[in-house]
2 protein chains.
Amino acid sequence: MPKWTDIVRGLPASVPFVGPEAQERALGRPFIARLGANESVFGPSPLAIEAMERAVGEIWKYADPENFELREALAAHHHVSPANIMVGEGIDGLLGTLARLVVAPGTPVVTSAGAYPTFNYQVAGVGGVLHTVPYADDAEDPEALVAKARQVGAALVYLANPDNPMGSWHGAQRIEAMISDLPEDALLCLDEAYAEFAPAGTLPAFDPGAPNVLRMRTFSKGYGVAGARIGYAIGAEEVIGAFNKIRNHFGVNRVAQAGALAALADQAYLESVIESVAAAKARIARIGAAHGLQALPSATNFVTLDCGRDGAFARALVSELAQRGIFVRMPFVAPQDRCIRVTAGTATDLDAFEAALGPALGAIR
Amino acid sequence: MPKWTDIVRGLPASVPFVGPEAQERALGRPFIARLGANESVFGPSPLAIEAMERAVGEIWKYADPENFELREALAAHHHVSPANIMVGEGIDGLLGTLARLVVAPGTPVVTSAGAYPTFNYQVAGVGGVLHTVPYADDAEDPEALVAKARQVGAALVYLANPDNPMGSWHGAQRIEAMISDLPEDALLCLDEAYAEFAPAGTLPAFDPGAPNVLRMRTFSKGYGVAGARIGYAIGAEEVIGAFNKIRNHFGVNRVAQAGALAALADQAYLESVIESVAAAKARIARIGAAHGLQALPSATNFVTLDCGRDGAFARALVSELAQRGIFVRMPFVAPQDRCIRVTAGTATDLDAFEAALGPALGAIR
């Protein structure tokens with residue numbers, strides 16, 4: 001056997017998320033409605049589709065490792081410099097590189113119990129030690145995260161705003177206060193994957209001079225190209241520059257670059273997606289309410305439905321829905337695991353969800 | 001500033017390869033012929049293009065993190081089990097994960113001076129200590145690599161067969177002997193990126209029971225989808241399984257999966273590419289010979305032309321060719337850096353190369 005590193009020897013072969021395809025193979029049939037991964041069923045802009053189809057014709061070429069054009073466009077969009085932007089293989093890929101930048105074996109890292117598991121996976125993968133604080137009122141708790149970071153001397157703190165899996169969010173002022181209160185040397189990884197769906201006043205202004213915050217954005221949610229694997233980080237030039245020491249320079253797909261660039265340019269389409277998502281969320285809430293499941297407020301492209309029982313009940317519901325062709329997921333940790341999480345779907349998707357929910361609940365009640 | 005890890009603090013912001021796009025931006029115009037990155041100018045199978053265009057329509061979905069269908073197809077193609085195959089974001093991505101699996105700070109690693117720099121970059125990125133042996137007769141030296149591995153107690157040994165940047169290769173028997181002679185606990189990373197171009201008798205049979213060899217293959221060269229970022233490793237089930245402890249499970253692009261699957265299925269197209277490459281290589285050799293540059297034998301999709309002078313001369317030639325719109329690269333280390341490396345091009349590409357070579361040489365002679 002190879003000489004595995006000590007870190008690897010101590011790790012299980014874990015998977016942050018089992019893909020719906022694995023469930024489909026186990027079930028022996030495809031899902032009718034794919035509402036579990038917070039993908040955008042409304043897809044990307046038709047202009048992005050066109051740009052990606054064109055890019056397929058040039059796929060014999062490696063993509064520009066500097067992601068120059070996309071970084072220029074993102075810089076203009078966000079009113080920062082291209083030197084403040086790092087493009088990577090989705091937020092998941094960027095989290096992996098970030099973990100390697102600031103987390104060594106034994107380094108303390110702080111997150112919320114039940115927050116994004118891929119962050120935890122990437123931290124564990126470099127030997128970091130995770131410290132968690134509980135959610136408060138189904139939301140991540142910025143003050144508790146800061147207090148814990150101070151207590152353990154954290155090098156890295158994770159907060160998603162808006163939050164996944166609960167859909168909750170904090171206003172920009174509370175996030176800015178959190179950043180001010182961070183202990184010296186602690187870097188905040190502010191995951192804003194759902195930024196495009198957040199109400200006005202949620203996202204702090206960019207402060208490209210601040211070396212203690214790294215903002216994570218993605219084209220997987222609002223822009224609808226989850227399968228392209230492309231996201232970006234915004235931060236101080238010195239922090240962004242550090243990624244160049246260890247990142248996989250040629251990691252981003254050429255089709256993804258073209259799609260992201262075209263999707264970003266079509267803000268009108270993004271607006272239409274935001275409207276469709278809002279309508280779908282309202283319908284999910286109505287469907288839930290008709291069956292006694294209460295929708296929590298959501299600033300994302302999904303609705304977290306409170307089933308009013310325990311984790312075992314919600315898990316059974318997720319399973320019964322899967323049996324009926326509906327793919328949804330749920331929070332991992334109590335008491336949030338009393339909920340199921342349903343992604344905004346098309347009318348057809350939600351018809352199928354509506355048709356399945358009653359029988360699924362009936363089967364376990 | 002964030003608390004960078006000790007490894008990161010000690011690393012320069014290095015880039016294994018500057019992309020041709022950066023050179024084009026510096027030159028202020030696009031290259032006429034892109035012959036520097038060993039991409040396949042002949043592109044992928046038309047069936048793969050079609051499959052990728054179709055996949056664009058489903059790009060709102062994350063790709064299957066298990067790469068199930070592609071692994072099944074690759075297993076059938078290579079007569080191994082899907083459990084022997086790990087798909088990743090190109091060989092570069094797989095090398096990064098591999099380095100994290102077996103290289104900790106201070107771990108000795110062995111490669112050839114002047115071999116693939118991205119391997120070195122990934123090893124340095126996890127704090128490994130590189131030990132090198134020189135090329136022998138413009139080829140990597142398996143026996144010297146084994147001896148060095150034994151001497152330093154290497155956890156990981158790198159060999160490319162066929163070799164990049166020299167195009168040289170060893171027969172399967174010599175590679176098999178190398179594997180037999182490896183010190184216990186050393187893992188051979190056998191980079192076979194150019195496998196499809198190698199003459200019969202070059203590639204050892206797969207031995208899925210051997211835990212000390214990991215074979216790296218890619219869809220970037222023969223299959224013509226470099227911009228898709230998709231490659232795979234073949235090895236013992238336990239070695240392949242270890243990737244699941246730390247890899248970015250959702251790292252592969254959906255379009256890339258579809259393209260790879262379709263490209264693999266069209267072996268007739270691959271054969272036509274191999275023929276086109278052979279003809280292009282013969283022409284590159286003739287063009288070189290007409291200008292006093294001698295083609296080295298090549299089992300790849302490029303020709304290494306011996307300029308018969310030193311590294312400064314070859315560097316000047318690469319630069320003069322770039323000024324004339326021709327993108328080529330060259331080996332990094334003496335005495336191999338007396339050469340330039342020219343990728344098999346289309347007839348139009350090679351017309352441009354032919355037209356530029358004389359004037360470029362004239363400018364420096």
# chains A, B, ... in the order shown; residues from 1 in each chain; ligands from 1
$ residues_around --residues "Ala115 in chain B" --least-positions-apart "3" --cutoff "10 Å" --atoms "only C-alpha atoms" --output "VMD selection string"
chain B and resid 111 to 112 118 to 120 132 to 135 139 to 140 158 to 160 163 to 166 331 to 333
$ write_last_selection --atoms "N, CA and C atoms" --output "PDB file, in the first residue's frame"
ATOM      1  N   THR B 111      11.316  12.604  -9.251  1.00  0.00           N
ATOM      2  CA  THR B 111      10.933  12.783 -10.649  1.00  0.00           C
ATOM      3  C   THR B 111      12.198  13.084 -11.454  1.00  0.00           C
ATOM      4  N   SER B 112      12.024  13.340 -12.737  1.00  0.00           N
ATOM      5  CA  SER B 112      13.164  13.675 -13.596  1.00  0.00           C
ATOM      6  C   SER B 112      13.277  15.189 -13.723  1.00  0.00           C
ATOM      7  N   THR B 118       3.870  20.593 -13.642  1.00  0.00           N
ATOM      8  CA  THR B 118       2.675  20.666 -12.801  1.00  0.00           C
ATOM      9  C   THR B 118       2.732  19.615 -11.692  1.00  0.00           C
ATOM     10  N   PHE B 119       3.375  18.484 -11.966  1.00  0.00           N
ATOM     11  CA  PHE B 119       3.586  17.497 -10.900  1.00  0.00           C
ATOM     12  C   PHE B 119       4.414  18.130  -9.790  1.00  0.00           C
ATOM     13  N   ASN B 120       5.513  18.771 -10.159  1.00  0.00           N
ATOM     14  CA  ASN B 120       6.378  19.411  -9.164  1.00  0.00           C
ATOM     15  C   ASN B 120       5.611  20.469  -8.374  1.00  0.00           C
ATOM     16  N   THR B 132      15.452  14.903  -7.927  1.00  0.00           N
ATOM     17  CA  THR B 132      15.385  14.648  -9.365  1.00  0.00           C
ATOM     18  C   THR B 132      16.590  13.864  -9.849  1.00  0.00           C
ATOM     19  N   VAL B 133      16.368  13.165 -10.943  1.00  0.00           N
ATOM     20  CA  VAL B 133      17.475  12.533 -11.674  1.00  0.00           C
ATOM     21  C   VAL B 133      17.447  13.114 -13.087  1.00  0.00           C
ATOM     22  N   PRO B 134      18.603  13.151 -13.750  1.00  0.00           N
ATOM     23  CA  PRO B 134      18.614  13.719 -15.100  1.00  0.00           C
ATOM     24  C   PRO B 134      18.006  12.769 -16.130  1.00  0.00           C
ATOM     25  N   TYR B 135      17.584  13.332 -17.250  1.00  0.00           N
ATOM     26  CA  TYR B 135      17.219  12.529 -18.407  1.00  0.00           C
ATOM     27  C   TYR B 135      18.492  11.812 -18.903  1.00  0.00           C
ATOM     28  N   ALA B 139      15.574  10.897 -22.674  1.00  0.00           N
ATOM     29  CA  ALA B 139      14.446  10.097 -22.179  1.00  0.00           C
ATOM     30  C   ALA B 139      14.517  10.048 -20.656  1.00  0.00           C
ATOM     31  N   GLU B 140      13.369   9.883 -20.030  1.00  0.00           N
ATOM     32  CA  GLU B 140      13.386   9.651 -18.586  1.00  0.00           C
ATOM     33  C   GLU B 140      14.074   8.306 -18.337  1.00  0.00           C
ATOM     34  N   TYR B 158       7.462   9.806 -10.119  1.00  0.00           N
ATOM     35  CA  TYR B 158       6.746  10.205 -11.334  1.00  0.00           C
ATOM     36  C   TYR B 158       7.514   9.787 -12.574  1.00  0.00           C
ATOM     37  N   LEU B 159       6.786   9.195 -13.509  1.00  0.00           N
ATOM     38  CA  LEU B 159       7.361   8.901 -14.825  1.00  0.00           C
ATOM     39  C   LEU B 159       6.266   9.086 -15.864  1.00  0.00           C
ATOM     40  N   ALA B 160       6.590   9.820 -16.919  1.00  0.00           N
ATOM     41  CA  ALA B 160       5.659   9.938 -18.034  1.00  0.00           C
ATOM     42  C   ALA B 160       6.150   9.034 -19.151  1.00  0.00           C
ATOM     43  N   ASP B 163       7.011  10.354 -22.926  1.00  0.00           N
ATOM     44  CA  ASP B 163       7.448  11.519 -22.169  1.00  0.00           C
ATOM     45  C   ASP B 163       7.044  12.835 -22.822  1.00  0.00           C
ATOM     46  N   ASN B 164       6.748  13.787 -21.976  1.00  0.00           N
ATOM     47  CA  ASN B 164       6.609  15.180 -22.356  1.00  0.00           C
ATOM     48  C   ASN B 164       7.634  15.928 -21.519  1.00  0.00           C
ATOM     49  N   PRO B 165       8.509  16.739 -22.043  1.00  0.00           N
ATOM     50  CA  PRO B 165       8.466  17.397 -23.349  1.00  0.00           C
ATOM     51  C   PRO B 165       9.320  16.760 -24.444  1.00  0.00           C
ATOM     52  N   MET B 166       9.889  15.576 -24.242  1.00  0.00           N
ATOM     53  CA  MET B 166      10.848  15.105 -25.243  1.00  0.00           C
ATOM     54  C   MET B 166      10.229  14.185 -26.282  1.00  0.00           C
ATOM     55  N   PRO B 331      11.463  22.610 -23.742  1.00  0.00           N
ATOM     56  CA  PRO B 331      11.851  22.025 -22.456  1.00  0.00           C
ATOM     57  C   PRO B 331      12.494  23.078 -21.552  1.00  0.00           C
ATOM     58  N   PHE B 332      12.427  22.821 -20.225  1.00  0.00           N
ATOM     59  CA  PHE B 332      12.884  23.812 -19.253  1.00  0.00           C
ATOM     60  C   PHE B 332      14.343  23.650 -18.850  1.00  0.00           C
ATOM     61  N   VAL B 333      14.877  22.432 -19.013  1.00  0.00           N
ATOM     62  CA  VAL B 333      16.136  22.085 -18.350  1.00  0.00           C
ATOM     63  C   VAL B 333      17.182  21.686 -19.391  1.00  0.00           C
TER      64      VAL B 333
END
$ interface_residues --of "chain B" --to "chain A" --cutoff "6 Å" --atoms "only C-alpha atoms" --output "tab-separated table (two decimals) with all heavy atoms, in the first residue's frame"
chain	number	residue	atom	x	y	z
B	1	MET	N	-3.74	40.24	7.92
B	1	MET	CA	-3.58	39.13	6.97
B	1	MET	C	-4.02	37.81	7.59
B	1	MET	O	-3.85	37.59	8.78
B	1	MET	CB	-2.09	39.00	6.58
B	1	MET	CG	-1.67	39.89	5.42
B	1	MET	SD	-2.40	39.35	3.86
B	1	MET	CE	-3.35	40.80	3.46
B	2	PRO	N	-4.56	36.91	6.77
B	2	PRO	CA	-4.90	35.58	7.30
B	2	PRO	C	-3.65	34.85	7.78
B	2	PRO	O	-2.53	35.18	7.39
B	2	PRO	CB	-5.50	34.87	6.07
B	2	PRO	CG	-5.93	35.97	5.15
B	2	PRO	CD	-4.97	37.10	5.39
B	3	LYS	N	-3.89	33.86	8.62
B	3	LYS	CA	-2.78	33.02	9.10
B	3	LYS	C	-2.49	31.95	8.05
B	3	LYS	O	-3.01	30.83	8.13
B	3	LYS	CB	-3.20	32.29	10.39
B	3	LYS	CG	-3.37	33.17	11.60
B	3	LYS	CD	-3.53	32.30	12.85
B	3	LYS	CE	-4.59	32.87	13.77
B	3	LYS	NZ	-4.97	32.02	14.89
B	4	TRP	N	-1.67	32.28	7.08
B	4	TRP	CA	-1.31	31.29	6.07
B	4	TRP	C	-0.63	30.10	6.73
B	4	TRP	O	0.06	30.26	7.73
B	4	TRP	CB	-0.35	31.89	5.02
B	4	TRP	CG	-0.82	33.16	4.40
B	4	TRP	CD1	-0.18	34.37	4.43
B	4	TRP	CD2	-2.02	33.38	3.64
B	4	TRP	NE1	-0.91	35.31	3.75
B	4	TRP	CE2	-2.04	34.74	3.25
B	4	TRP	CE3	-3.08	32.57	3.25
B	4	TRP	CZ2	-3.07	35.29	2.49
B	4	TRP	CZ3	-4.11	33.12	2.50
B	4	TRP	CH2	-4.09	34.45	2.13
B	5	THR	N	-0.80	28.93	6.16
B	5	THR	CA	-0.07	27.78	6.67
B	5	THR	C	1.42	27.97	6.40
B	5	THR	O	1.82	28.77	5.55
B	5	THR	CB	-0.53	26.47	5.98
B	5	THR	OG1	-0.14	26.54	4.60
B	5	THR	CG2	-2.03	26.27	6.07
B	13	ALA	N	4.22	32.66	-5.62
B	13	ALA	CA	3.02	32.60	-6.47
B	13	ALA	C	3.47	32.15	-7.84
B	13	ALA	O	3.69	32.97	-8.73
B	13	ALA	CB	2.32	33.94	-6.53
B	14	SER	N	3.64	30.86	-8.02
B	14	SER	CA	4.19	30.37	-9.28
B	14	SER	C	3.09	29.81	-10.16
B	14	SER	O	2.02	29.46	-9.69
B	14	SER	CB	5.23	29.28	-9.00
B	14	SER	OG	4.58	28.08	-8.64
B	19	GLY	N	-0.49	30.71	-19.87
B	19	GLY	CA	-1.37	30.37	-20.98
B	19	GLY	C	-1.04	31.17	-22.22
B	19	GLY	O	-0.53	32.29	-22.13
B	21	GLU	N	-3.07	32.67	-23.96
B	21	GLU	CA	-3.92	33.86	-23.95
B	21	GLU	C	-3.17	35.04	-23.32
B	21	GLU	O	-3.33	36.18	-23.77
B	21	GLU	CB	-5.23	33.59	-23.19
B	21	GLU	CG	-6.15	32.56	-23.85
B	21	GLU	CD	-5.74	31.12	-23.57
B	21	GLU	OE1	-4.81	30.91	-22.76
B	21	GLU	OE2	-6.35	30.21	-24.17
B	40	SER	N	-5.17	19.03	-29.18
B	40	SER	CA	-5.43	18.35	-30.45
B	40	SER	C	-6.18	19.29	-31.38
B	40	SER	O	-7.40	19.48	-31.24
B	40	SER	CB	-6.25	17.09	-30.23
B	40	SER	OG	-6.42	16.43	-31.48
B	43	GLY	N	-9.42	18.30	-32.90
B	43	GLY	CA	-10.65	18.36	-32.11
B	43	GLY	C	-11.17	16.99	-31.73
B	43	GLY	O	-10.59	15.96	-32.09
B	53	GLU	N	-22.97	19.46	-26.96
B	53	GLU	CA	-24.00	20.47	-27.23
B	53	GLU	C	-25.31	20.07	-26.54
B	53	GLU	O	-26.00	20.92	-25.96
B	53	GLU	CB	-24.19	20.65	-28.74
B	53	GLU	CG	-23.02	21.41	-29.37
B	53	GLU	CD	-23.10	21.46	-30.90
B	53	GLU	OE1	-23.95	20.77	-31.48
B	53	GLU	OE2	-22.29	22.19	-31.48
B	59	ILE	N	-27.23	21.75	-18.38
B	59	ILE	CA	-26.13	22.18	-17.52
B	59	ILE	C	-26.62	22.81	-16.23
B	59	ILE	O	-25.82	23.11	-15.34
B	59	ILE	CB	-25.16	23.10	-18.30
B	59	ILE	CG1	-23.78	23.09	-17.64
B	59	ILE	CG2	-25.73	24.51	-18.44
B	59	ILE	CD1	-22.65	23.41	-18.55
B	60	TRP	N	-27.91	23.02	-16.09
B	60	TRP	CA	-28.43	23.50	-14.80
B	60	TRP	C	-28.28	22.43	-13.72
B	60	TRP	O	-28.34	22.75	-12.53
B	60	TRP	CB	-29.89	23.94	-14.91
B	60	TRP	CG	-30.88	22.89	-15.31
B	60	TRP	CD1	-31.24	22.53	-16.58
B	60	TRP	CD2	-31.66	22.06	-14.42
B	60	TRP	NE1	-32.18	21.53	-16.54
B	60	TRP	CE2	-32.46	21.22	-15.24
B	60	TRP	CE3	-31.76	21.95	-13.03
B	60	TRP	CZ2	-33.35	20.28	-14.70
B	60	TRP	CZ3	-32.63	21.02	-12.50
B	60	TRP	CH2	-33.42	20.19	-13.33
B	61	LYS	N	-28.06	21.17	-14.12
B	61	LYS	CA	-27.89	20.09	-13.14
B	61	LYS	C	-26.41	19.88	-12.82
B	61	LYS	O	-25.58	19.84	-13.73
B	61	LYS	CB	-28.42	18.76	-13.71
B	61	LYS	CG	-29.87	18.76	-14.07
B	61	LYS	CD	-30.23	17.38	-14.67
B	61	LYS	CE	-31.63	17.38	-15.25
B	61	LYS	NZ	-31.92	16.12	-15.97
B	62	TYR	N	-26.11	19.68	-11.55
B	62	TYR	CA	-24.78	19.19	-11.20
B	62	TYR	C	-24.54	17.87	-11.92
B	62	TYR	O	-25.48	17.11	-12.19
B	62	TYR	CB	-24.66	18.96	-9.69
B	62	TYR	CG	-24.63	20.23	-8.88
B	62	TYR	CD1	-25.76	20.67	-8.19
B	62	TYR	CD2	-23.48	20.99	-8.79
B	62	TYR	CE1	-25.75	21.84	-7.45
B	62	TYR	CE2	-23.46	22.16	-8.05
B	62	TYR	CZ	-24.59	22.58	-7.38
B	62	TYR	OH	-24.59	23.74	-6.66
B	63	ALA	N	-23.29	17.59	-12.21
B	63	ALA	CA	-22.96	16.30	-12.80
B	63	ALA	C	-22.97	15.22	-11.72
B	63	ALA	O	-22.82	15.51	-10.53
B	63	ALA	CB	-21.59	16.37	-13.46
B	64	ASP	N	-23.14	14.00	-12.15
B	64	ASP	CA	-23.07	12.86	-11.23
B	64	ASP	C	-21.69	12.82	-10.57
B	64	ASP	O	-20.68	12.63	-11.24
B	64	ASP	CB	-23.30	11.57	-12.03
B	64	ASP	CG	-23.08	10.31	-11.20
B	64	ASP	OD1	-23.10	10.40	-9.96
B	64	ASP	OD2	-22.89	9.24	-11.81
B	101	LEU	N	-2.69	12.94	-1.06
B	101	LEU	CA	-2.89	11.61	-0.48
B	101	LEU	C	-1.61	11.04	0.11
B	101	LEU	O	-1.65	10.36	1.14
B	101	LEU	CB	-3.43	10.64	-1.54
B	101	LEU	CG	-4.91	10.78	-1.90
B	101	LEU	CD1	-5.25	9.86	-3.08
B	101	LEU	CD2	-5.79	10.44	-0.70
B	102	VAL	N	-0.48	11.27	-0.56
B	102	VAL	CA	0.73	10.56	-0.13
B	102	VAL	C	1.90	11.48	0.22
B	102	VAL	O	2.96	10.99	0.64
B	102	VAL	CB	1.19	9.54	-1.20
B	102	VAL	CG1	0.15	8.44	-1.39
B	102	VAL	CG2	1.53	10.19	-2.53
B	104	ALA	N	3.22	14.58	2.55
B	104	ALA	CA	3.08	15.50	3.68
B	104	ALA	C	4.32	16.40	3.68
B	104	ALA	O	5.26	16.16	2.92
B	104	ALA	CB	2.95	14.72	4.98
B	125	GLY	N	3.20	22.20	-3.43
B	125	GLY	CA	2.01	22.78	-2.80
B	125	GLY	C	1.58	22.07	-1.54
B	125	GLY	O	0.77	22.61	-0.77
B	185	ASP	N	6.50	0.46	-0.59
B	185	ASP	CA	5.85	1.69	-0.12
B	185	ASP	C	5.94	2.85	-1.10
B	185	ASP	O	5.34	3.89	-0.86
B	185	ASP	CB	6.42	2.21	1.21
B	185	ASP	CG	6.05	1.34	2.38
B	185	ASP	OD1	5.19	0.47	2.20
B	185	ASP	OD2	6.62	1.54	3.46
B	187	LEU	N	4.95	4.67	-4.45
B	187	LEU	CA	3.88	4.62	-5.44
B	187	LEU	C	4.39	5.26	-6.73
B	187	LEU	O	4.90	6.37	-6.72
B	187	LEU	CB	2.65	5.39	-4.92
B	187	LEU	CG	1.46	5.50	-5.88
B	187	LEU	CD1	0.82	4.14	-6.13
B	187	LEU	CD2	0.42	6.47	-5.30
B	211	PRO	N	-0.92	-2.35	-5.96
B	211	PRO	CA	-1.23	-1.11	-5.25
B	211	PRO	C	-0.14	-0.06	-5.40
B	211	PRO	O	-0.26	1.02	-4.84
B	211	PRO	CB	-1.33	-1.57	-3.80
B	211	PRO	CG	-0.39	-2.71	-3.71
B	211	PRO	CD	-0.37	-3.37	-5.06
B	224	GLY	N	-9.06	15.01	-27.67
B	224	GLY	CA	-9.29	16.36	-28.18
B	224	GLY	C	-10.20	17.27	-27.38
B	224	GLY	O	-10.76	18.21	-27.94
B	225	VAL	N	-10.35	17.04	-26.07
B	225	VAL	CA	-11.20	17.95	-25.29
B	225	VAL	C	-10.44	18.56	-24.11
B	225	VAL	O	-10.92	18.58	-22.98
B	225	VAL	CB	-12.52	17.28	-24.81
B	225	VAL	CG1	-13.39	16.93	-25.99
B	225	VAL	CG2	-12.24	16.06	-23.95
B	226	ALA	N	-9.27	19.12	-24.39
B	226	ALA	CA	-8.43	19.70	-23.33
B	226	ALA	C	-9.21	20.71	-22.49
B	226	ALA	O	-9.07	20.76	-21.27
B	226	ALA	CB	-7.20	20.37	-23.95
B	227	GLY	N	-10.04	21.53	-23.16
B	227	GLY	CA	-10.77	22.56	-22.45
B	227	GLY	C	-11.88	22.04	-21.56
B	227	GLY	O	-12.48	22.79	-20.79
B	228	ALA	N	-12.16	20.73	-21.66
B	228	ALA	CA	-13.22	20.15	-20.84
B	228	ALA	C	-12.73	19.79	-19.45
B	228	ALA	O	-13.51	19.69	-18.52
B	228	ALA	CB	-13.79	18.90	-21.50
B	229	ARG	N	-11.44	19.62	-19.27
B	229	ARG	CA	-10.83	19.23	-17.99
B	229	ARG	C	-11.41	17.92	-17.49
B	229	ARG	O	-12.19	17.88	-16.54
B	229	ARG	CB	-10.97	20.33	-16.92
B	229	ARG	CG	-10.62	21.70	-17.35
B	229	ARG	CD	-9.32	21.77	-18.18
B	229	ARG	NE	-8.18	21.25	-17.45
B	229	ARG	CZ	-7.38	20.28	-17.90
B	229	ARG	NH1	-7.58	19.69	-19.05
B	229	ARG	NH2	-6.35	19.89	-17.21
B	244	ASN	N	-11.59	9.23	-2.72
B	244	ASN	CA	-12.89	9.65	-2.20
B	244	ASN	C	-12.81	10.31	-0.83
B	244	ASN	O	-13.77	10.90	-0.36
B	244	ASN	CB	-13.84	8.45	-2.13
B	244	ASN	CG	-14.38	8.10	-3.50
B	244	ASN	OD1	-14.62	8.99	-4.32
B	244	ASN	ND2	-14.53	6.81	-3.77
B	245	LYS	N	-11.64	10.19	-0.17
B	245	LYS	CA	-11.50	10.83	1.14
B	245	LYS	C	-11.32	12.34	1.04
B	245	LYS	O	-11.64	13.06	1.97
B	245	LYS	CB	-10.30	10.24	1.88
B	245	LYS	CG	-10.45	8.78	2.25
B	245	LYS	CD	-9.22	8.32	3.05
B	245	LYS	CE	-9.43	6.92	3.61
B	245	LYS	NZ	-8.38	6.58	4.60
B	246	ILE	N	-10.75	12.80	-0.07
B	246	ILE	CA	-10.39	14.23	-0.13
B	246	ILE	C	-10.73	14.90	-1.45
B	246	ILE	O	-10.59	16.11	-1.57
B	246	ILE	CB	-8.88	14.44	0.14
B	246	ILE	CG1	-8.01	13.66	-0.85
B	246	ILE	CG2	-8.53	14.07	1.57
B	246	ILE	CD1	-6.55	14.08	-0.84
B	253	ASN	N	-17.18	18.77	-14.79
B	253	ASN	CA	-18.22	19.46	-15.55
B	253	ASN	C	-19.11	18.46	-16.28
B	253	ASN	O	-18.63	17.44	-16.79
B	253	ASN	CB	-17.47	20.38	-16.53
B	253	ASN	CG	-18.35	21.16	-17.45
B	253	ASN	OD1	-19.06	20.58	-18.27
B	253	ASN	ND2	-18.30	22.47	-17.34
B	254	ARG	N	-20.40	18.75	-16.31
B	254	ARG	CA	-21.37	17.87	-16.94
B	254	ARG	C	-21.12	17.72	-18.45
B	254	ARG	O	-21.28	16.63	-19.02
B	254	ARG	CB	-22.76	18.47	-16.71
B	254	ARG	CG	-23.87	17.59	-17.09
B	254	ARG	CD	-25.23	18.16	-16.67
B	254	ARG	NE	-26.21	17.15	-16.90
B	254	ARG	CZ	-26.65	16.28	-15.99
B	254	ARG	NH1	-26.22	16.35	-14.76
B	254	ARG	NH2	-27.52	15.35	-16.30
$ atom_distance --atom1 "CA of Pro142 in chain A" --atom2 "CA of Ala200 in chain A"
19.3 Å
$ residues_around --residues "range 273-289 of chain A" --least-positions-apart "6" --cutoff "7 Å" --atoms "only C-alpha atoms" --output "list of chain:residue names"
A:Phe42, A:Phe197, A:Ala295, A:Asn301, A:Phe302, A:Val303, A:Leu305, A:Ala344, A:Gly345, A:Glu354
$ select_by_dssp --residues "range 134-294 of chain B" --states "strand (DSSP E or B)" --output "PyMOL selection string"
chain B and resi 136+139+156-160+187-191+213-218+231-234+294
$ write_last_selection --atoms "C-alpha atoms" --output "mmCIF file, in the first residue's frame"
data_model
loop_
_atom_site.group_PDB
_atom_site.id
_atom_site.type_symbol
_atom_site.label_atom_id
_atom_site.label_comp_id
_atom_site.auth_asym_id
_atom_site.auth_seq_id
_atom_site.Cartn_x
_atom_site.Cartn_y
_atom_site.Cartn_z
ATOM 1 C CA ALA B 136 19.389 9.981 -20.183
ATOM 2 C CA ALA B 139 14.446 10.097 -22.179
ATOM 3 C CA LEU B 156 5.913 8.903 -4.788
ATOM 4 C CA VAL B 157 7.780 8.548 -8.081
ATOM 5 C CA TYR B 158 6.746 10.205 -11.334
ATOM 6 C CA LEU B 159 7.361 8.901 -14.825
ATOM 7 C CA ALA B 160 5.659 9.938 -18.034
ATOM 8 C CA LEU B 187 3.876 4.623 -5.443
ATOM 9 C CA LEU B 188 4.611 5.101 -9.137
ATOM 10 C CA CYS B 189 2.561 7.800 -10.814
ATOM 11 C CA LEU B 190 2.720 6.622 -14.417
ATOM 12 C CA ASP B 191 1.543 9.530 -16.543
ATOM 13 C CA VAL B 213 1.146 1.973 -9.644
ATOM 14 C CA LEU B 214 -1.358 4.632 -10.560
ATOM 15 C CA ARG B 215 -1.856 5.170 -14.302
ATOM 16 C CA MET B 216 -2.964 8.605 -15.436
ATOM 17 C CA ARG B 217 -4.943 9.074 -18.645
ATOM 18 C CA THR B 218 -6.656 12.073 -20.161
ATOM 19 C CA GLY B 231 -8.995 12.731 -17.093
ATOM 20 C CA TYR B 232 -8.833 9.531 -15.102
ATOM 21 C CA ALA B 233 -6.588 7.388 -12.977
ATOM 22 C CA ILE B 234 -6.465 3.607 -13.085
ATOM 23 C CA GLN B 294 16.477 17.732 -36.202
#
$ atom_distance --atom1 "CA of Gly311 in chain B" --atom2 "CA of Asp349 in chain B"
24.8 Å
$ closest_residue --among "B:Cys307, B:Ala352, B:Ala205, B:Val342" --to "Glu176 in chain B" --atoms "only C-alpha atoms"
B:Ala205
